[in-house]
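So the structure is just underneath, and the comments pick up after that.
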Amino acid sequence: MSWALSDGWSLTVAPSVDWFGEKSASNGESRVWGAMVSGVKQCGCGNRLGVGLGVYDQIEKTSVFPVVIVDWRPNDRWRLVNPLPSGPTGAAGLELDYRSVRFRLNDRALAPGGVGEESGVPLFLRVTRNLGPQMALNLYGGAVVGGKLRLEDASGNLIKKQSFKTAPLIGVSLVGRF
């Protein structure tokens with residue numbers, strides 16, 4: 001939800017709820033929820049700059065992080081923009097983003113009812129197809145580098161920590177404005 005303020009400023013609140021869990025893990029204990037709150041200033045020539053704050057209640061951990069919002073067009077051919085909307089996994093950044101996702105383990109895993117965490121740096125390209133003035137389809141492809149996996153038991157004690165090789169990354173998003 002966005003509200004127009006005076007002098008070209010706008011305030012946006014973007015709540016979200018998601019579930020990160022292994023198959024058959026408890027849905028109630030796999031929920032991640034929170035919101036992004038941001039203020040953006042509309043500058044000349046349609047450029048926008050802003051700042052915000054993300055607050056998310058992740059699995060057994062609360063995450064708070066700052067966000068810089070950029071939509072800058074130095075000319076007709078170039079655009080510097082946040083590649084993804086910010087959300088529970090962190091800020092969208094400007095193509096450099098550190099990703100961390102915690103997920104609930106099921107009751108049959110190595111650590112029944114424990115928590116797994118995957119982290120790394122996603123490097124990707126995005127292709128966007130506008131489907132009209134109000135809708136766009138985004139396709140993403142790339143890889144996660146510097147990946148690490150962490151396993152905690154139900155009490156939060158570290159059981160195992162391990163690095164993993166570069167992993168492929170693909171994604172699709174459909175964005176609509178109304």
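Labels used: A, B, ... for chains in the order of the structure tokens, numbers from 1 for residues in each chain, and numbers from 1 for ligands as shown.
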
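Residues of stretch 34-67 of chain A assigned to strand (DSSP E) by DSSP on this structure's backbone: Gly34, Ala35, Met36, Val37, Ser38, Gly39, Val40, Lys41, Gln42, Arg48, Leu49, Gly50, Val51, Gly52, Leu53, Gly54, Val55, Tyr56, Asp57, Gln58, Lys61, Thr62, Ser63, Val64, Phe65, Pro66 and Val67 of chain A.
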
Quiz prompt | Contact residues around A:Ser16 with only C-alpha atoms at 7 Å, ignoring same-chain residues under 3 positions, as a PyMOL selection string | solution = chain A and resi 33-35

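Computed from the coordinates, the atom CA of A:Leu80 to atom CA of A:Gln42 distance equals 14.8 Å.
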
Quiz item: For A:Gly142, which of A:Ala167, A:Met1, A:Gly156, A:Lys61 is the closest residue, counting only C-alpha atoms?
Solution: A:Ala167

Practice problem: Tell me which protein, DNA and RNA residues are within 10 Å of A:Gly50, counting only C-alpha atoms, leaving out same-chain ones fewer than 4 positions away, and put them as an MDAnalysis selection string. | Solution: chainID A and resid 9:11 38:42 67:71

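Closest to A:Pro112 among A:Val51, A:Trp72, A:Ser24, A:Leu169 is A:Ser24, based on only C-alpha atoms.
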
If we count only C-alpha atoms, what is near A:Gly176 at a cut-off of 8 Å, once residues fewer than 5 positions away on the same chain are taken out, given as an mmCIF file with N, CA and C atoms, in the first residue's frame?
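part_3.cif written:
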```
data_model
loop_
_atom_site.group_PDB
_atom_site.id
_atom_site.type_symbol
_atom_site.label_atom_id
_atom_site.label_comp_id
_atom_site.auth_asym_id
_atom_site.auth_seq_id
_atom_site.Cartn_x
_atom_site.Cartn_y
_atom_site.Cartn_z
ATOM 1 N N GLN A 134 0.016 -2.343 -16.955
ATOM 2 C CA GLN A 134 -0.165 -2.683 -15.547
ATOM 3 C C GLN A 134 0.440 -4.017 -15.141
ATOM 4 N N MET A 135 1.032 -4.761 -16.085
ATOM 5 C CA MET A 135 1.491 -6.106 -15.749
ATOM 6 C C MET A 135 2.819 -6.422 -16.446
ATOM 7 N N ALA A 136 3.682 -7.179 -15.741
ATOM 8 C CA ALA A 136 4.972 -7.583 -16.301
ATOM 9 C C ALA A 136 5.317 -9.000 -15.837
#
```

Exercise. Using only C-alpha atoms, find the one residue out of A:Ser30, A:Lys148, A:Leu123, A:Val17 that sits nearest to A:Pro168.
Key: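 Nearest to A:Pro168: A:Leu123.
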
Quiz prompt | Which residue of A:Leu53, A:Leu158, A:Ile59, A:Leu151 approaches A:Leu110 most closely, using only C-alpha atoms | solution = A:Leu151

Quiz prompt | Exercise: A:Glu22 partners within 8 Å, only C-alpha atoms, chain neighbours under 6 positions left out, as a list in words | solution =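 Close residues of A:Glu22: Phe103, Arg104, Leu105 and Asn106 of chain A.
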
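Put simply, atom CA of A:Cys43 is 7.3 Å away from atom CA of A:Gly8.
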